[in-house]
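Enquirer: Below is start.txt; it holds compact mmCIF, C-alpha atoms.
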```txt
# COMPACT_ATOMS: atom_id res chain seq x y z
CA MET A 16 190.36 55.32 172.81
CA ARG A 17 188.47 52.02 172.84
CA LEU A 18 187.68 49.71 175.73
CA VAL A 19 189.01 46.19 175.18
CA ALA A 20 187.92 44.46 178.38
CA THR A 21 187.22 44.85 182.08
CA ILE A 22 189.21 42.29 184.06
CA GLU A 23 188.40 41.65 187.73
CA ASN A 24 191.84 40.40 188.77
CA SER A 25 194.48 43.13 188.53
CA GLN A 26 197.30 40.58 187.98
CA ASP A 27 195.47 39.11 185.01
CA ALA A 28 194.88 42.61 183.66
CA TYR A 29 198.59 43.39 183.96
CA VAL A 30 199.49 40.28 181.94
CA VAL A 31 197.00 41.13 179.17
CA ILE A 32 198.16 44.76 178.99
CA THR A 33 201.81 43.75 178.76
CA ALA A 34 201.04 41.18 176.07
CA LEU A 35 199.23 43.84 174.07
CA GLN A 36 202.16 46.22 174.34
CA HIS A 37 204.53 43.48 173.19
CA GLU A 38 202.38 43.31 170.04
CA GLY A 39 202.96 47.02 169.45
CA ILE A 40 199.47 48.02 170.60
CA GLU A 41 199.41 51.29 172.55
CA THR A 42 197.63 50.38 175.77
CA THR A 43 196.70 51.85 179.11
CA PHE A 44 194.38 50.96 181.97
CA GLU A 45 192.16 52.36 184.67
CA GLU A 46 191.17 50.88 188.03
CA THR A 47 187.42 50.90 188.66
CA SER A 48 185.06 49.35 191.19
CA LYS A 49 184.27 46.59 188.69
CA GLY A 50 187.89 45.76 187.95
CA THR A 51 190.69 46.96 185.68
CA GLN A 52 189.61 48.48 182.40
CA VAL A 53 192.02 47.86 179.53
CA TRP A 54 192.04 50.57 176.85
CA ILE A 55 193.78 50.96 173.50
CA ALA A 56 194.54 54.23 171.71
CA ASN A 57 194.08 53.13 168.08
CA GLU A 58 190.72 51.79 166.98
CA ASP A 59 192.38 49.82 164.18
CA ASP A 60 193.94 47.58 166.86
CA LEU A 61 190.63 46.77 168.55
CA ILE A 62 189.93 43.41 166.91
CA ARG A 63 193.47 42.15 167.49
CA ALA A 64 193.43 43.38 171.10
CA LYS A 65 190.17 41.59 171.85
CA GLU A 66 191.54 38.40 170.30
CA ILE A 67 194.54 38.52 172.65
CA ALA A 68 192.30 39.17 175.67
CA GLU A 69 190.09 36.21 174.72
CA GLU A 70 193.17 34.06 174.14
CA TYR A 71 194.30 34.78 177.70
CA LYS A 72 190.94 33.63 179.04
CA GLY A 73 191.29 30.34 177.17
CA ASP A 74 194.99 29.67 177.80
CA PRO A 75 196.59 31.96 180.42
CA LYS A 76 199.73 29.76 180.45
CA ALA A 77 200.56 30.35 176.79
CA LEU A 78 204.13 31.42 176.00
CA ARG A 79 203.26 35.04 175.15
CA PHE A 80 201.64 35.48 178.58
CA ALA A 81 204.50 33.79 180.40
CA ARG A 82 206.84 36.42 178.95
CA ALA A 83 204.42 39.18 179.88
CA ARG A 84 204.44 38.16 183.56
CA SER A 85 208.15 38.92 183.85
CA ALA A 86 208.06 42.25 181.99
CA PRO A 87 208.18 45.69 183.72
CA ARG A 88 204.82 47.05 184.81
CA VAL A 89 203.01 49.53 182.59
CA GLN A 90 202.01 52.97 183.77
CA GLN A 91 198.47 53.59 184.94
CA ILE A 92 196.39 56.43 183.51
CA ASP A 93 197.41 59.76 184.99
CA PRO A 94 194.50 60.88 187.21
CA SER A 95 195.03 64.47 186.04
CA GLN A 96 194.40 63.48 182.42
CA PRO A 97 190.95 62.99 180.88
CA LYS A 98 189.83 59.41 181.43
CA ALA A 99 188.17 57.23 178.85
CA VAL A 100 184.85 56.27 180.36
CA PRO A 101 182.63 53.44 179.09
CA VAL A 102 179.62 54.70 177.20
CA PRO A 103 176.41 54.24 179.22
CA GLN A 104 173.98 52.00 177.36
CA LYS A 105 171.03 54.37 177.39
CA LYS A 106 168.34 54.32 174.75
CA PRO A 107 168.75 56.97 172.02
CA MET A 108 165.24 58.36 172.49
CA ILE A 109 165.87 61.75 170.86
CA THR A 110 167.34 60.16 167.75
CA LYS A 111 164.40 57.78 167.57
CA LEU A 112 161.98 60.68 167.98
CA ALA A 113 163.64 62.62 165.15
CA ILE A 114 163.41 59.57 162.87
CA CYS A 115 159.75 59.03 163.78
CA LEU A 116 158.94 62.68 163.05
CA CYS A 117 160.58 62.46 159.62
CA ILE A 118 158.66 59.27 158.81
CA PHE A 119 155.41 60.80 160.07
CA PHE A 120 155.76 63.92 157.91
CA PHE A 121 156.87 61.82 154.93
CA PHE A 122 153.63 59.80 154.98
CA TRP A 123 151.56 62.91 155.71
CA THR A 124 153.04 64.54 152.60
CA TRP A 125 152.42 61.38 150.58
CA MET A 126 148.75 61.30 151.62
CA GLN A 127 148.27 64.97 150.73
CA GLU A 128 149.88 64.44 147.33
CA ALA A 129 147.63 61.44 146.68
CA SER A 130 144.59 63.47 147.69
CA GLU A 131 145.51 66.32 145.34
CA MET A 132 146.13 63.90 142.49
CA LYS A 133 142.57 62.63 142.87
CA LYS A 134 141.34 66.19 142.37
CA GLY A 135 143.02 66.32 138.99
CA GLU A 136 146.43 66.24 137.36
CA THR A 137 146.13 69.89 136.35
CA LYS A 138 145.98 71.16 139.90
CA ARG A 139 149.06 69.16 140.83
CA ALA A 140 150.91 70.43 137.75
CA GLN A 141 149.95 74.04 138.38
CA PHE A 142 150.85 74.02 142.05
CA GLU A 143 153.54 71.63 143.21
CA PHE A 144 153.51 72.26 146.96
CA THR A 145 151.20 70.49 149.39
CA GLU A 146 149.51 72.35 152.22
CA LEU A 147 151.95 70.73 154.65
CA ALA A 148 154.92 71.97 152.63
CA SER A 149 153.47 75.47 152.56
CA VAL A 150 153.59 75.47 156.37
CA MET A 151 156.98 73.78 156.83
CA LEU A 152 159.21 75.17 154.07
CA TYR A 153 161.79 77.72 155.18
CA ASP A 154 159.71 80.45 153.59
CA TYR A 155 156.47 80.62 151.63
CA PRO A 156 156.52 83.77 149.48
CA GLN A 157 153.39 85.76 148.75
CA THR A 158 153.47 84.82 145.07
CA PHE A 159 152.79 81.18 145.97
CA GLU A 160 150.01 82.10 148.36
CA LEU A 161 148.36 84.06 145.56
CA MET A 162 148.80 81.18 143.14
CA ARG A 163 147.30 78.72 145.63
CA THR A 164 144.31 81.03 146.07
CA PHE A 165 143.91 81.20 142.30
CA VAL A 166 144.11 77.42 141.83
CA GLU A 167 141.64 76.74 144.64
CA LYS A 168 139.16 79.34 143.37
CA TYR A 169 139.50 78.72 139.64
CA PRO A 170 140.38 75.04 139.00
CA ILE A 171 141.08 75.33 135.27
CA LYS A 172 142.33 72.36 133.22
CA GLU A 173 144.85 74.17 131.01
CA ARG A 174 146.67 77.49 131.08
CA LYS A 175 144.87 78.67 127.95
CA ASP A 176 141.59 78.46 129.87
CA ILE A 177 142.61 81.58 131.79
CA SER A 178 141.40 83.70 128.89
CA ALA A 179 137.83 82.56 129.58
CA LEU A 180 137.94 83.53 133.25
CA PRO A 181 136.46 86.74 134.66
CA ILE A 182 138.61 89.87 134.94
CA GLU A 183 139.24 89.49 138.67
CA ALA A 184 140.59 85.97 138.07
CA LYS A 185 142.96 87.21 135.36
CA GLU A 186 144.14 90.02 137.63
CA LEU A 187 144.79 87.56 140.45
CA PHE A 188 146.80 85.31 138.14
CA ARG A 189 148.87 88.20 136.77
CA LYS A 190 149.52 89.47 140.30
CA ALA A 191 150.71 86.02 141.37
CA GLU A 192 153.07 85.78 138.39
CA ARG A 193 154.46 89.29 138.80
CA THR A 194 155.06 89.20 142.54
CA PRO A 195 158.82 88.69 143.00
CA TYR A 196 160.25 86.28 145.54
CA TRP A 197 163.72 85.52 146.82
CA ASP A 198 165.21 82.67 144.80
CA GLY A 199 168.78 82.86 146.04
CA ILE A 200 172.22 84.12 145.17
CA TYR A 201 172.70 81.15 142.84
CA GLU A 202 170.15 82.45 140.34
CA TRP A 203 171.79 85.88 140.45
CA MET A 204 175.17 84.29 139.67
CA LEU A 205 173.61 82.42 136.75
CA SER A 206 172.07 85.54 135.24
CA TYR A 207 174.96 87.97 135.96
CA PRO A 208 175.57 90.57 134.52
CA LYS A 209 171.89 90.64 133.58
CA PRO A 210 169.73 91.99 136.42
CA ASP A 211 167.78 89.44 138.45
CA PRO A 212 164.36 90.87 139.43
CA HIS A 213 164.12 88.41 142.30
CA LEU A 214 167.29 89.75 143.93
CA ASP A 215 165.39 92.77 145.25
CA ALA A 216 162.46 90.65 146.42
CA PRO A 217 161.57 90.56 150.13
CA MET A 218 163.44 87.96 152.16
CA PHE A 219 162.35 85.90 155.19
CA GLU A 220 158.71 86.80 154.55
CA LYS A 221 157.18 84.26 156.95
CA LEU A 222 159.89 84.60 159.58
CA ARG A 223 159.10 88.29 159.78
CA GLU A 224 155.52 87.27 160.51
CA GLY A 225 156.72 85.29 163.54
CA GLN A 226 156.72 81.78 162.00
CA PHE A 227 160.05 80.86 163.57
CA TRP A 228 159.50 77.10 163.36
CA ARG A 229 160.39 77.42 159.68
CA LEU A 230 164.04 77.83 160.67
CA ILE A 231 164.18 74.09 161.42
CA SER A 232 161.01 72.49 159.99
CA PRO A 233 162.34 71.79 156.43
CA VAL A 234 164.61 69.07 157.85
CA PHE A 235 161.59 66.87 158.62
CA LEU A 236 160.39 66.78 154.99
CA HIS A 237 161.77 64.38 152.36
CA GLY A 238 161.12 64.05 148.67
CA ASN A 239 161.04 60.28 148.12
CA ILE A 240 161.68 56.92 149.77
CA ILE A 241 165.38 56.85 148.81
CA HIS A 242 165.89 60.34 150.23
CA ILE A 243 164.37 59.54 153.62
CA LEU A 244 165.92 56.06 153.83
CA PHE A 245 169.42 57.38 153.15
CA ASN A 246 169.08 60.21 155.68
CA MET A 247 167.50 58.11 158.43
CA LEU A 248 170.17 55.42 158.20
CA TRP A 249 172.88 58.05 158.65
CA LEU A 250 170.95 59.73 161.46
CA TRP A 251 170.63 56.42 163.29
CA LEU A 252 174.34 55.72 162.88
CA LEU A 253 175.68 59.17 163.84
CA GLY A 254 172.94 60.45 166.14
CA ARG A 255 173.09 57.48 168.51
CA MET A 256 176.82 57.92 169.08
CA ILE A 257 176.45 61.55 170.09
CA GLU A 258 173.27 61.12 172.14
CA MET A 259 174.90 58.41 174.27
CA ARG A 260 177.73 60.79 175.13
CA MET A 261 175.86 64.04 175.67
CA LYS A 262 173.12 65.44 177.87
CA PRO A 263 169.75 65.33 176.07
CA MET A 264 169.18 69.08 175.91
CA ARG A 265 172.71 69.69 174.62
CA TYR A 266 172.18 67.10 171.91
CA ILE A 267 168.93 68.78 170.89
CA LEU A 268 170.66 72.19 170.93
CA LEU A 269 173.50 70.80 168.80
CA MET A 270 171.07 69.62 166.12
CA LEU A 271 169.06 72.84 166.29
CA ILE A 272 172.14 75.03 165.75
CA ILE A 273 173.34 72.89 162.85
CA GLY A 274 169.85 72.72 161.34
CA VAL A 275 169.09 76.44 161.59
CA GLY A 276 172.54 77.40 160.30
CA SER A 277 172.55 75.02 157.33
CA ASN A 278 168.93 75.83 156.43
CA THR A 279 169.57 79.57 156.48
CA ALA A 280 172.69 79.22 154.34
CA GLN A 281 170.79 77.12 151.82
CA TYR A 282 167.94 79.65 151.75
CA LEU A 283 170.35 82.48 151.01
CA MET A 284 171.95 80.45 148.24
CA SER A 285 168.93 78.93 146.48
CA GLY A 286 165.70 80.22 147.99
CA PRO A 287 163.22 78.40 150.24
CA PHE A 288 162.54 75.23 148.25
CA PHE A 289 164.79 72.65 149.90
CA ILE A 290 164.03 69.81 152.30
CA GLY A 291 165.77 67.00 154.17
CA TYR A 292 167.82 66.13 157.24
CA SER A 293 171.14 65.92 155.40
CA GLY A 294 172.44 69.31 156.57
CA ILE A 295 172.20 68.12 160.19
CA ILE A 296 173.66 64.73 159.27
CA THR A 297 176.79 66.26 157.76
CA GLY A 298 177.02 68.47 160.86
CA LEU A 299 176.92 65.42 163.14
CA ALA A 300 179.64 63.81 161.02
CA GLY A 301 181.79 66.93 161.29
CA PHE A 302 181.21 67.00 165.04
CA ILE A 303 182.34 63.38 165.50
CA TRP A 304 185.31 63.89 163.19
CA ILE A 305 186.67 66.75 165.30
CA ARG A 306 185.84 65.12 168.66
CA GLN A 307 187.86 62.08 167.59
CA LYS A 308 190.83 64.38 167.07
CA VAL A 309 190.59 66.71 170.07
CA ALA A 310 189.06 64.29 172.60
CA PRO A 311 189.81 60.67 171.59
CA TRP A 312 188.99 59.48 175.12
CA GLU A 313 185.32 60.12 174.37
CA GLY A 314 185.43 56.93 172.34
CA TYR A 315 183.37 57.75 169.26
CA PRO A 316 183.45 54.38 167.42
CA LEU A 317 183.03 55.74 163.89
CA PRO A 318 185.61 54.13 161.57
CA ARG A 319 187.84 56.48 159.64
CA SER A 320 186.78 54.82 156.39
CA THR A 321 183.14 55.79 157.07
CA LEU A 322 184.09 59.40 157.68
CA ILE A 323 186.24 59.45 154.55
CA PHE A 324 183.32 58.07 152.51
CA LEU A 325 181.00 60.76 153.87
CA MET A 326 183.52 63.55 153.24
CA VAL A 327 184.15 62.33 149.69
CA PHE A 328 180.39 62.28 149.11
CA ILE A 329 179.87 65.79 150.50
CA PHE A 330 182.72 67.45 148.66
CA GLY A 331 182.15 65.29 145.57
CA MET A 332 178.58 66.58 145.35
CA GLY A 333 179.92 70.08 145.91
CA ALA A 334 182.34 69.64 143.02
CA LEU A 335 179.54 68.36 140.78
CA GLY A 336 177.53 71.41 141.81
CA ILE A 337 180.33 73.64 140.55
CA VAL A 338 180.46 71.72 137.26
CA SER A 339 176.68 72.04 137.01
CA PHE A 340 176.96 75.80 137.55
CA ILE A 341 179.55 76.11 134.77
CA PHE A 342 177.34 74.21 132.32
CA GLU A 343 174.30 76.31 133.24
CA ARG A 344 176.31 79.51 132.75
CA MET A 345 177.15 78.19 129.28
CA GLY A 346 173.45 77.72 128.57
CA HIS A 347 173.28 73.94 129.02
CA SER A 348 170.68 72.94 131.59
CA PHE A 349 170.91 69.18 131.00
CA PHE A 350 173.44 68.88 133.85
CA ALA A 351 171.50 70.95 136.39
CA MET A 352 171.64 69.46 139.90
CA ASN A 353 168.92 69.89 142.50
CA LEU A 354 171.02 69.18 145.59
CA ALA A 355 171.30 71.23 148.78
CA ASN A 356 175.10 71.37 148.62
CA THR A 357 175.24 74.62 150.57
CA ALA A 358 173.38 72.99 153.48
CA HIS A 359 175.69 69.96 153.35
CA ILE A 360 178.92 71.95 153.49
CA THR A 361 177.60 74.55 155.95
CA GLY A 362 176.31 71.81 158.24
CA LEU A 363 179.69 70.09 158.17
CA LEU A 364 181.53 73.30 159.07
CA ILE A 365 179.09 74.22 161.86
CA GLY A 366 179.30 70.74 163.37
CA ALA A 367 183.10 70.82 163.25
CA GLY A 368 183.11 74.26 164.89
CA LEU A 369 180.74 73.22 167.69
CA ALA A 370 182.94 70.19 168.40
CA ARG A 371 185.63 72.56 169.67
CA ILE A 372 183.32 74.18 172.23
CA PRO A 373 183.68 72.61 175.72
CA TYR A 374 179.93 72.91 176.31
CA PHE A 375 179.36 70.07 173.84
CA ALA A 376 182.05 67.80 175.31
CA ARG A 377 181.05 64.38 176.53
CA ARG A 378 179.47 64.36 179.97
CA ARG A 379 181.98 63.05 182.49
CA ARG A 380 180.99 60.82 185.37
CA ALA A 381 182.05 61.74 188.87
```
Just give me the structure of the file as structure tokens.
Expert:
Amino acid sequence: MRLVATIENSQDAYVVITALQHEGIETTFEETSKGTQVWIANEDDLIRAKEIAEEYKGDPKALRFARARSAPRVQQIDPSQPKAVPVPQKKPMITKLAICLCIFFFFWTWMQEASEMKKGETKRAQFEFTELASVMLYDYPQTFELMRTFVEKYPIKERKDISALPIEAKELFRKAERTPYWDGIYEWMLSYPKPDPHLDAPMFEKLREGQFWRLISPVFLHGNIIHILFNMLWLWLLGRMIEMRMKPMRYILLMLIIGVGSNTAQYLMSGPFFIGYSGIITGLAGFIWIRQKVAPWEGYPLPRSTLIFLMVFIFGMGALGIVSFIFERMGHSFFAMNLANTAHITGLLIGAGLARIPYFARRRRA
């Protein structure tokens, strides 16, 4: 439901409501201390409804309103039914904080990459993760720790230079290369029926050491300016709507559950090397989509066309991922896609599921 206007005089409100109903617009109202609130059920009628309300202000004696005055009265909102309450205009501080954190870590990563590039192209080519990434990725397997130790201790220019290194350096390099790490079910599906040595590798290495922040920290990292810009625009659009309708801690919990769930699913599918807020964003979209269906009085103003676009994007990328998998199975890697489709779809499903839990319903005013 969407609020059209709050009219102080109840007689004027009655005329506007009746005129709206004569136009085929499903309308209801609620008496408040500030006047009569006029509501419509279908968001597609909002522009037309506001035009009629403004027309009444300019010319209350127009023919359409003269007819409305003599029509039967409409029924008031049933007090036993959920009431559509205006959204309080509070500042979306949590959403802003999340955006600021993503921007902060983006520039921190950029500065570390620039610093490593100054030390030499070879080091960057040999080891593609910054120190920040090593702390914030979902997992950081032992093989990469060993390789980082090797690169820091023996800054060679080319791989062939390893042959000139001392024995202990060669042993360290071989150990780093031979140490298996979890790289996901996807790689196993690509290599099946051939055995995948990484499938038996230890999982959740850093989580088992107590580094639980890694469950959520990958969402704050982004690969490039387009990646972070796209995600932050969607977060600002979707996050604000939910934050204005939910208690702060519940909003934080909602994002944490979606983030941890989508991150874990992506880790199981493809290993620990994924970043970005998009899993939470698709979860927020799924949450709003379901709340619009089961609790329209909460008034989420997200147009259906926007949701359709987002769903087409999510499932379209998922379909391309399947096509990519088929080509890779056939031995063609030119169509390989590096997208966290598992996180996108899992986030969407988790958000939709949480939307059906009363705990995450919009806070109602007394």
Enquirer: Taking into account all atoms listed in the file, which residue in the set A:Leu364, A:Ala191, A:Trp304, A:Leu152 is nearest to Ser320 of chain A?
Expert: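 The shortest atom-to-atom distance to Ser320 of chain A comes from A:Trp304.
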Enquirer: When you look at segment 225-237 of chain A with a cut-off of 10 Å (counting all atoms listed in the file), what residues show up, excluding the ones that are within fewer than 5 positions of it in the same chain? I need them as an MDAnalysis selection string.
Expert: chainID A and resid 113:125 147:148 150:155 219:220 242:244 246 270:279 282 287:295
Enquirer: Here's a test: counting all atoms listed in the file, identify every protein, DNA and RNA residue with an atom at most 10 Å from (179.2, 73.0, 166.1) in the file's coordinate frame, and state them as a list in words.
Expert: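 Using all atoms listed in the file, the matching residues come out as Leu268, Leu269, Met270, Ile272, Ile273, Gly276, Gly298, Leu299, Gly301, Phe302, Ile305, Gly362, Leu363, Leu364, Ile365, Gly366, Ala367, Gly368, Leu369, Ala370, Arg371, Ile372 and Phe375 of chain A.
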Enquirer: With distances taken over all atoms listed in the file, which residue among A:Tyr201, A:Phe342, A:Phe165, A:Tyr266 lies nearest Arg189 of chain A?
Expert: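 Nearest to Arg189 of chain A: A:Phe165.
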Enquirer: Using all atoms listed in the file and a cutoff of 10 Å, can you tell me which residues are near (177.4, 63.9, 151.0) in the file's coordinates, and write them out as an NGL selection string?
Expert: :A and (293-294 or 296-297 or 324-333 or 354-356 or 359-360 or 363)
Enquirer: Could you list, as a PyMOL selection string, every residue within 9 Å of Asp198 of chain A, counting all atoms listed in the file and ignoring same-chain residues fewer than 6 positions away?
Expert: chain A and resi 213-214+216+282-288
Enquirer: For each of A:Ile257, A:Ile337, A:Ala280, A:Met126, take the minimum atom-to-atom distance to Met108 of chain A, counting only C-alpha atoms, then give the residue where this is smallest.
Expert: A:Ile257
